[in-house]
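Novice: Contents are mmCIF, C-alpha atoms; file name coords-v4.cif:
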```
data_upload
loop_
_atom_site.label_atom_id
_atom_site.label_comp_id
_atom_site.auth_asym_id
_atom_site.auth_seq_id
_atom_site.Cartn_x
_atom_site.Cartn_y
_atom_site.Cartn_z
CA MET S 26 10.29 14.19 -2.29
CA LYS S 27 13.52 12.96 -3.88
CA ILE S 28 16.26 15.22 -5.20
CA PHE S 29 18.84 14.38 -7.86
CA GLY S 30 21.98 16.40 -8.57
CA ILE S 31 24.64 16.53 -11.24
CA GLY S 32 27.95 18.34 -11.25
CA ASN S 33 31.70 18.20 -11.39
CA ALA S 34 32.80 15.46 -8.98
CA LEU S 35 35.84 17.01 -7.32
CA VAL S 36 37.89 16.34 -4.23
CA ASP S 37 38.34 19.65 -2.41
CA ILE S 38 41.78 20.34 -1.00
CA MET S 39 41.01 23.01 1.58
CA THR S 40 44.07 25.19 2.22
CA SER S 41 44.36 27.98 4.80
CA LEU S 42 46.49 30.87 3.51
CA GLU S 43 48.64 32.98 5.79
CA SER S 44 48.22 35.97 3.42
CA ASP S 45 46.85 36.76 -0.04
CA ASN S 46 50.34 37.07 -1.56
CA LEU S 47 50.22 33.53 -2.90
CA LEU S 48 47.12 34.37 -4.97
CA ASP S 49 49.16 36.99 -6.83
CA THR S 50 52.05 34.55 -7.30
CA LEU S 51 49.68 32.00 -8.84
CA ASN S 52 47.81 34.67 -10.84
CA LEU S 53 44.49 33.73 -9.26
CA PRO S 54 42.00 36.64 -8.78
CA LYS S 55 40.74 36.60 -5.22
CA GLY S 56 37.23 35.14 -4.93
CA SER S 57 37.26 33.60 -8.40
CA MET S 58 37.08 30.05 -9.67
CA GLN S 59 39.71 29.35 -12.31
CA ILE S 60 39.89 26.21 -14.44
CA VAL S 61 43.58 25.31 -14.63
CA ASN S 62 45.65 22.68 -16.44
CA GLU S 63 47.60 19.88 -14.80
CA GLU S 64 50.84 21.88 -14.85
CA THR S 65 49.25 24.82 -13.01
CA ILE S 66 47.54 22.69 -10.36
CA THR S 67 50.81 20.83 -9.77
CA LYS S 68 52.61 24.16 -9.28
CA ALA S 69 49.87 25.40 -6.92
CA LEU S 70 49.99 22.23 -4.86
CA GLU S 71 53.77 22.54 -4.61
CA LYS S 72 53.51 26.17 -3.47
CA THR S 73 50.95 25.29 -0.76
CA LYS S 74 52.94 22.44 0.78
CA GLY S 75 53.34 23.00 4.49
CA LEU S 76 50.06 24.93 4.84
CA LYS S 77 47.12 23.45 6.75
CA GLN S 78 45.10 21.28 4.35
CA THR S 79 42.07 18.95 4.56
CA LEU S 80 40.29 16.75 2.00
CA ALA S 81 36.54 16.57 1.31
CA SER S 82 34.35 15.36 -1.52
CA GLY S 83 33.21 18.50 -3.22
CA GLY S 84 31.94 20.33 -6.22
CA SER S 85 29.05 22.77 -5.90
CA ALA S 86 26.13 20.44 -6.68
CA ALA S 87 27.68 17.60 -4.66
CA ASN S 88 27.87 19.92 -1.64
CA THR S 89 24.21 20.86 -2.03
CA ILE S 90 23.14 17.22 -2.37
CA SER S 91 25.22 16.32 0.69
CA GLY S 92 23.45 19.00 2.72
CA LEU S 93 20.05 17.69 1.63
CA ALA S 94 21.03 14.12 2.53
CA ASN S 95 22.11 15.26 5.98
CA LEU S 96 18.65 16.78 6.44
CA GLY S 97 17.12 13.39 5.67
CA VAL S 98 16.13 13.92 2.03
CA GLU S 99 16.52 10.96 -0.34
CA THR S 100 19.16 12.02 -2.84
CA ALA S 101 21.36 10.85 -5.71
CA PHE S 102 24.33 12.38 -7.49
CA VAL S 103 25.85 11.81 -10.91
CA GLY S 104 29.41 12.79 -11.78
CA LYS S 105 32.56 11.28 -13.26
CA VAL S 106 35.65 10.33 -11.22
CA GLY S 107 38.88 8.51 -11.91
CA SER S 108 39.58 4.85 -11.19
CA ASP S 109 41.93 5.94 -8.45
CA GLU S 110 42.23 6.48 -4.71
CA LEU S 111 40.60 9.92 -4.81
CA GLY S 112 37.71 8.49 -6.84
CA ASP S 113 37.17 5.85 -4.17
CA PHE S 114 37.39 8.57 -1.50
CA PHE S 115 34.69 10.59 -3.27
CA ARG S 116 32.31 7.59 -3.52
CA ASN S 117 32.83 6.55 0.10
CA ASP S 118 32.36 10.09 1.37
CA MET S 119 29.01 10.36 -0.44
CA GLN S 120 27.82 6.97 0.77
CA LYS S 121 28.64 7.95 4.37
CA ALA S 122 26.28 10.91 3.94
CA GLY S 123 23.48 8.63 2.70
CA ILE S 124 23.68 9.72 -0.94
CA ASN S 125 23.21 7.30 -3.85
CA PRO S 126 26.41 8.03 -5.83
CA GLN S 127 25.75 7.11 -9.46
CA LEU S 128 29.36 7.75 -10.41
CA LEU S 129 30.88 7.16 -13.81
CA ARG S 130 34.53 6.07 -13.95
CA SER S 131 37.32 7.35 -16.18
CA LYS S 132 40.94 6.50 -16.89
CA ALA S 133 41.79 10.14 -16.15
CA ALA S 134 42.62 11.23 -12.60
CA THR S 135 39.82 12.36 -10.30
CA GLY S 136 39.30 16.11 -10.50
CA THR S 137 40.63 18.31 -7.72
CA ALA S 138 39.68 21.74 -6.45
CA LEU S 139 42.40 23.57 -4.57
CA ALA S 140 40.46 25.92 -2.32
CA LEU S 141 42.66 28.74 -1.07
CA VAL S 142 41.09 30.31 2.01
CA SER S 143 42.24 33.88 2.71
CA PRO S 144 42.63 35.22 6.27
CA ASP S 145 39.33 37.13 5.82
CA SER S 146 37.63 33.76 4.98
CA GLU S 147 37.13 34.51 1.25
CA ARG S 148 38.00 31.52 -0.89
CA THR S 149 39.61 31.25 -4.31
CA PHE S 150 39.50 28.05 -6.35
CA ALA S 151 42.05 26.60 -8.74
CA VAL S 152 40.27 23.65 -10.34
CA ASN S 153 41.70 20.87 -12.45
CA LEU S 154 38.64 19.00 -13.68
CA GLY S 155 40.45 15.77 -14.55
CA ALA S 156 37.90 12.97 -15.02
CA ALA S 157 34.98 15.34 -14.36
CA ILE S 158 35.44 17.06 -17.73
CA GLU S 159 34.99 13.71 -19.51
CA MET S 160 31.30 13.52 -18.58
CA THR S 161 29.37 14.13 -21.81
CA ALA S 162 25.83 14.54 -23.07
CA ASN S 163 25.85 10.82 -23.97
CA ASP S 164 26.08 10.01 -20.24
CA ILE S 165 22.70 11.68 -19.65
CA THR S 166 19.81 9.21 -20.03
CA PRO S 167 16.14 9.51 -18.98
CA ASN S 168 16.39 6.58 -16.56
CA LEU S 169 18.71 8.64 -14.33
CA PHE S 170 15.80 10.97 -13.54
CA GLU S 171 13.16 8.33 -12.86
CA GLY S 172 11.54 8.61 -9.44
CA TYR S 173 12.97 12.05 -8.64
CA ASP S 174 11.04 15.28 -8.08
CA TYR S 175 13.75 17.96 -8.15
CA PHE S 176 16.90 18.27 -10.23
CA HIS S 177 19.77 20.48 -9.06
CA ILE S 178 22.60 21.42 -11.41
CA GLU S 179 25.65 23.64 -11.01
CA GLY S 180 26.65 26.37 -13.43
CA TYR S 181 30.26 25.14 -13.30
CA LEU S 182 29.24 22.45 -15.82
CA VAL S 183 29.12 25.08 -18.57
CA GLN S 184 32.54 23.99 -19.75
CA ASN S 185 30.35 21.54 -21.75
CA HIS S 186 27.29 23.32 -23.17
CA SER S 187 25.84 20.19 -24.78
CA LEU S 188 26.03 18.30 -21.46
CA ILE S 189 24.25 20.94 -19.40
CA GLU S 190 21.60 21.55 -22.06
CA LYS S 191 20.78 17.86 -22.45
CA ALA S 192 20.58 17.41 -18.68
CA LEU S 193 18.17 20.34 -18.40
CA LYS S 194 16.06 19.13 -21.33
CA VAL S 195 15.76 15.58 -20.02
CA ALA S 196 14.96 16.78 -16.50
CA LYS S 197 12.18 19.05 -17.75
CA SER S 198 10.73 16.41 -20.08
CA SER S 199 10.80 13.95 -17.14
CA GLY S 200 8.66 16.35 -15.09
CA LEU S 201 11.25 17.44 -12.53
CA LYS S 202 11.53 20.91 -11.05
CA VAL S 203 14.89 22.30 -12.15
CA SER S 204 17.21 24.26 -9.88
CA LEU S 205 20.39 26.00 -11.10
CA ASP S 206 23.19 27.59 -9.10
CA LEU S 207 24.98 30.16 -11.28
CA ALA S 208 28.32 29.12 -9.76
CA SER S 209 30.74 32.06 -10.11
CA TYR S 210 30.74 35.56 -11.58
CA ASN S 211 33.52 34.76 -14.06
CA VAL S 212 31.66 31.63 -15.21
CA VAL S 213 28.56 33.78 -15.82
CA GLU S 214 30.54 36.44 -17.69
CA SER S 215 32.13 33.86 -19.98
CA ASN S 216 28.87 32.04 -20.78
CA LEU S 217 26.29 34.82 -20.47
CA ASP S 218 24.20 34.27 -23.59
CA PHE S 219 24.10 30.51 -23.10
CA LEU S 220 23.14 30.77 -19.42
CA LYS S 221 20.41 33.31 -20.15
CA ARG S 222 18.89 30.91 -22.68
CA MET S 223 19.14 27.96 -20.28
CA VAL S 224 17.47 29.86 -17.43
CA THR S 225 14.71 31.20 -19.67
CA GLU S 226 13.92 27.87 -21.33
CA TYR S 227 14.44 25.26 -18.61
CA VAL S 228 15.11 26.57 -15.09
CA ASP S 229 12.44 26.87 -12.38
CA ILE S 230 14.67 27.99 -9.47
CA VAL S 231 17.83 30.05 -9.87
CA PHE S 232 20.39 30.81 -7.15
CA ALA S 233 22.87 33.68 -7.55
CA ASN S 234 25.08 35.69 -5.24
CA GLU S 235 25.44 39.45 -5.64
CA GLU S 236 28.38 39.26 -8.06
CA GLU S 237 26.79 36.52 -10.18
CA ALA S 238 23.49 38.39 -10.33
CA LYS S 239 25.31 41.54 -11.48
CA ALA S 240 27.24 39.57 -14.13
CA PHE S 241 23.95 38.07 -15.36
CA THR S 242 21.89 41.29 -15.42
CA GLN S 243 24.35 44.23 -14.99
CA LYS S 244 22.01 45.41 -12.23
CA SER S 245 22.00 45.90 -8.45
CA PRO S 246 20.83 42.93 -6.33
CA GLU S 247 17.17 43.95 -6.05
CA GLU S 248 16.93 44.97 -9.70
CA ALA S 249 18.65 41.72 -10.67
CA LEU S 250 16.15 39.79 -8.54
CA ASP S 251 13.26 41.38 -10.43
CA LEU S 252 14.79 40.54 -13.81
CA LEU S 253 15.57 36.95 -12.82
CA ALA S 254 12.04 36.49 -11.46
CA GLU S 255 10.67 37.48 -14.86
CA ILE S 256 12.35 34.55 -16.60
CA THR S 257 12.12 31.85 -13.91
CA GLU S 258 9.62 30.72 -11.30
CA ILE S 259 11.69 31.43 -8.18
CA ALA S 260 14.72 33.74 -8.03
CA ILE S 261 17.14 33.95 -5.12
CA VAL S 262 19.89 36.57 -4.85
CA LYS S 263 22.24 36.16 -1.89
CA ILE S 264 23.81 39.36 -0.57
CA GLY S 265 26.38 38.06 1.90
CA ALA S 266 26.13 39.38 5.44
CA LYS S 267 22.90 41.20 4.50
CA GLY S 268 21.08 37.93 3.83
CA SER S 269 19.14 37.11 0.70
CA TYR S 270 16.30 38.27 -1.53
CA ILE S 271 13.67 35.81 -2.77
CA LYS S 272 11.01 36.45 -5.37
CA LYS S 273 8.25 34.44 -7.01
CA GLY S 274 5.81 36.37 -9.18
CA ASN S 275 4.70 39.32 -7.05
CA GLU S 276 5.75 37.63 -3.80
CA LYS S 277 9.02 39.02 -2.45
CA HIS S 278 11.01 38.45 0.74
CA GLN S 279 14.24 39.55 2.34
CA VAL S 280 15.74 37.04 4.77
CA GLY S 281 18.49 37.86 7.24
CA VAL S 282 21.46 35.84 8.47
CA ILE S 283 22.35 34.10 11.72
CA LYS S 284 25.23 35.26 13.87
CA ALA S 285 28.32 33.33 12.82
CA ASN S 286 32.05 33.30 13.35
CA SER S 287 33.18 33.14 9.73
CA ILE S 288 36.30 31.04 9.15
CA ASP S 289 35.81 29.86 5.56
CA THR S 290 33.01 30.73 3.14
CA THR S 291 33.45 27.54 1.09
CA GLY S 292 30.09 25.85 0.66
CA ALA S 293 28.04 28.77 1.98
CA GLY S 294 26.03 29.19 -1.22
CA ASP S 295 25.79 25.44 -1.76
CA LEU S 296 24.40 24.86 1.73
CA TYR S 297 21.99 27.77 1.36
CA ALA S 298 20.62 25.92 -1.67
CA SER S 299 20.36 22.74 0.44
CA GLY S 300 18.22 24.47 3.03
CA PHE S 301 16.08 26.28 0.49
CA LEU S 302 15.40 23.16 -1.59
CA TYR S 303 14.66 21.19 1.57
CA GLY S 304 12.02 23.76 2.47
CA LEU S 305 10.52 23.66 -1.02
CA SER S 306 10.40 19.86 -0.95
CA LYS S 307 8.39 20.13 2.28
CA GLY S 308 6.01 22.70 0.80
CA LEU S 309 7.12 25.44 3.21
CA PRO S 310 6.63 29.18 2.54
CA LEU S 311 9.43 30.88 0.60
CA ASN S 312 10.61 33.00 3.51
CA VAL S 313 10.88 29.87 5.69
CA CYS S 314 12.85 28.13 2.94
CA GLY S 315 15.21 31.10 2.94
CA LYS S 316 15.64 30.97 6.72
CA ILE S 317 16.59 27.29 6.60
CA GLY S 318 19.08 28.16 3.86
CA ALA S 319 20.49 30.99 5.97
CA LEU S 320 20.83 28.67 8.98
CA LEU S 321 22.86 26.09 7.06
CA SER S 322 24.90 28.74 5.26
CA GLY S 323 25.72 30.46 8.55
CA LYS S 324 26.91 27.27 10.21
CA VAL S 325 29.09 25.94 7.39
CA ILE S 326 31.22 29.10 7.31
CA GLU S 327 32.27 28.33 10.88
CA VAL S 328 34.30 25.32 9.70
CA ILE S 329 37.03 24.78 7.12
CA GLY S 330 35.53 23.21 4.02
CA PRO S 331 31.97 22.37 2.97
CA LYS S 332 31.38 19.52 5.44
CA MET S 333 30.03 19.69 9.00
CA SER S 334 30.22 17.07 11.75
CA SER S 335 27.36 14.68 12.55
CA GLU S 336 26.97 16.44 15.91
CA THR S 337 26.52 19.80 14.16
CA TRP S 338 23.95 18.28 11.80
CA ALA S 339 22.00 16.83 14.73
CA THR S 340 21.76 20.30 16.24
CA LEU S 341 20.88 21.85 12.88
CA LYS S 342 18.03 19.42 12.30
CA GLU S 343 16.50 20.41 15.64
CA LYS S 344 16.79 24.09 14.71
CA VAL S 345 15.25 23.41 11.27
CA LYS S 346 12.22 21.90 13.03
CA LEU S 347 11.91 25.04 15.13
CA ILE S 348 12.09 27.25 12.04
CA GLU S 349 9.41 25.11 10.36
CA THR S 350 7.06 25.57 13.32
CA GLY S 351 7.85 29.28 13.71
CA ASP S 352 9.50 28.78 17.12
CA LEU S 353 12.87 30.03 15.89
CA ASP S 354 13.17 33.30 14.01
CA PHE S 355 15.90 35.75 13.02
#
```
Could you take the file, read its structure, and then write that structure out as structure tokens?
Specialist:
Amino acid sequence: MKIFGIGNALVDIMTSLESDNLLDTLNLPKGSMQIVNEETITKALEKTKGLKQTLASGGSAANTISGLANLGVETAFVGKVGSDELGDFFRNDMQKAGINPQLLRSKAATGTALALVSPDSERTFAVNLGAAIEMTANDITPNLFEGYDYFHIEGYLVQNHSLIEKALKVAKSSGLKVSLDLASYNVVESNLDFLKRMVTEYVDIVFANEEEAKAFTQKSPEEALDLLAEITEIAIVKIGAKGSYIKKGNEKHQVGVIKANSIDTTGAGDLYASGFLYGLSKGLPLNVCGKIGALLSGKVIEVIGPKMSSETWATLKEKVKLIETGDLDF
């Protein structure tokens, strides 16, 4: 099975906050993802000088594809970056992970995501899309999807409705299973009618956390799960430390979490999707897919940023095998 992803190609600038005061100064609601202009991102970067920062290729779908590649799945990713140093960094980082980066280039600067990590590990994003926003529906062609079985797309792309709709249409007409991560509660709130139509018409697998599910359905997690499962094949609602709910037709599961020392929740949902899609690609039962997702999600929150070391991945792959055979449970 081969999995293809599309999303905003961003370089994450992971920043550890000493307190949440800076979020108020920058007018960034805690836990949200805000699209900001160049002036705002420049101000935010200036205000965070001196704090601990690391770089990583990011963007929600790119993180999910990276996780799948680290599990040994053949993957590709399409996004748009600048013809600059950060664009080169993004490409090289993906190639190191074994991903086929089908990147488009722009004269605009590579997009950046300033990830502000609070002391309680919650993260808040200030995103300047840069070159990423220049990807258009015209960049989506059927040949991109040839040879792939699954297509994963992030809800953050809804800044361009025509782009996301064409990508979904072409993926479905090409016979791929379509997976969508709803991205962020404020993204869902701002694009509710459009996202409901996209999920109903094109999406086979939908991932949502508790806040996103509530924004989409105005219901509690379990009620939201039921409503989502009525309009898509497989619905997943993640409920933080309580685990996740999974539903397909009349089949329903609740999966727990692994014990983890949470440092930064960046990438937790993205890596859950990696594990779940890996399980689906292997034909594993839904609850097992959820456990692999929970394993990856639980480990990535123990590091700053969405990337884990090769040593950690080697250990994770051994644990995934044990989950597959039923020799590791939680």
Novice: Could you tell me, as number ranges by chain, exactly which residues end up selected when the PyMOL selection byres ((chain S and resi 257) around 7) is applied to this structure?
Specialist: S: 224-225, 228-230, 253-256, 258-260
Novice: At a cut-off of 9 Å around the point (11.8, 29.2, -3.4) (file coordinates), what residues fall inside when counting all atoms listed in the file? I'd like the answer as a ChimeraX atom specification.
Specialist: /S:230-231,258-261,271-273,301-302,304-305,309-312,314-315
Novice: Env of Gly107 of chain S: 6 Å cut, atoms = only C-alpha atoms, seq-sep filter 5 positions within chain, self excluded. Answer as a ChimeraX atom specification.
Specialist: /S:112,130-135,156
Novice: Would you mind reading off the distance between atom CA of Asn211 of chain S and atom CA of Phe170 of chain S, one decimal, in Å?
Specialist: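 Interatomic distance here is 29.7 Å.
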Novice: Do a neighbour search on Glu343 of chain S at 12 Å with all atoms listed in the file, toss out local chain neighbours closer than 5 positions, and write the hits as a ChimeraX atom specification.
Specialist: /S:96,317,320,336-338,348-350,352-353
Novice: Each residue of segment 314-340 of chain S with at least one atom at most 8 Å from segment 274-288 of chain S should appear once, together with its nearest atom pair and the corresponding distance in Å (one decimal); atoms considered: only C-alpha atoms; ordering: chain, then increasing residue number; output as CSV.
Specialist:
```
residue,atom,partner,partner_atom,distance
S:Gly315,CA,S:Val280,CA,6.2
S:Lys316,CA,S:Val280,CA,6.4
S:Ala319,CA,S:Val282,CA,5.5
S:Leu320,CA,S:Ile283,CA,6.3
S:Gly323,CA,S:Ala285,CA,5.8
S:Lys324,CA,S:Ala285,CA,6.7
S:Ile326,CA,S:Ser287,CA,5.1
S:Glu327,CA,S:Ser287,CA,5.0
S:Val328,CA,S:Ile288,CA,6.1
S:Ile329,CA,S:Ile288,CA,6.6
```
Novice: Could the residues of segment 143-248 of chain S that have an atom at most 9 Å from segment 101-106 of chain S be listed as a Markdown table, each with its closest atom pair and the distance in Å to one decimal, counting all atoms listed in the file and ordered by chain and ascending residue number?
Specialist:
```
| residue | atom | partner | partner_atom | distance |
| --- | --- | --- | --- | --- |
| S:Gly155 | CA | S:Val106 | CA | 8.0 |
| S:Ala156 | CA | S:Val106 | CA | 5.1 |
| S:Ala157 | CA | S:Lys105 | CA | 4.9 |
| S:Ile158 | CA | S:Lys105 | CA | 7.9 |
| S:Glu159 | CA | S:Lys105 | CA | 7.1 |
| S:Met160 | CA | S:Lys105 | CA | 5.9 |
| S:Leu169 | CA | S:Val103 | CA | 8.5 |
| S:Tyr173 | CA | S:Ala101 | CA | 9.0 |
```
Novice: Near Leu141 of chain S, counting all atoms listed in the file, which residues have an atom at most 12 Å away, once you skip same-chain residues fewer than 2 positions from it, shown as number ranges by chain?
Specialist: S: 37-49, 51, 53-59, 69-70, 72-73, 76-79, 138-139, 143-152, 289-291, 329-330
Novice: Could you tell me which residues the PyMOL selection byres ((chain S and resi 241) around 8) grabs in this file, written as a PyMOL selection string?
Specialist: chain S and resi 213-214+217+221+237-240+242-243+249
Novice: May I ask which of the residues S:Ser91, S:Asn216, S:Ser198, S:Asn125 is the closest one to Leu296 of chain S, counting all atoms listed in the file?
Specialist: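 Between S:Ser91, S:Asn216, S:Ser198, S:Asn125, the residue approaching Leu296 of chain S most closely is S:Ser91.
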Novice: What does the distance between atom CA of Asp164 of chain S and atom CA of Leu129 of chain S come to in Å, to one decimal place?
Specialist: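 These atoms are spaced 8.5 Å apart.
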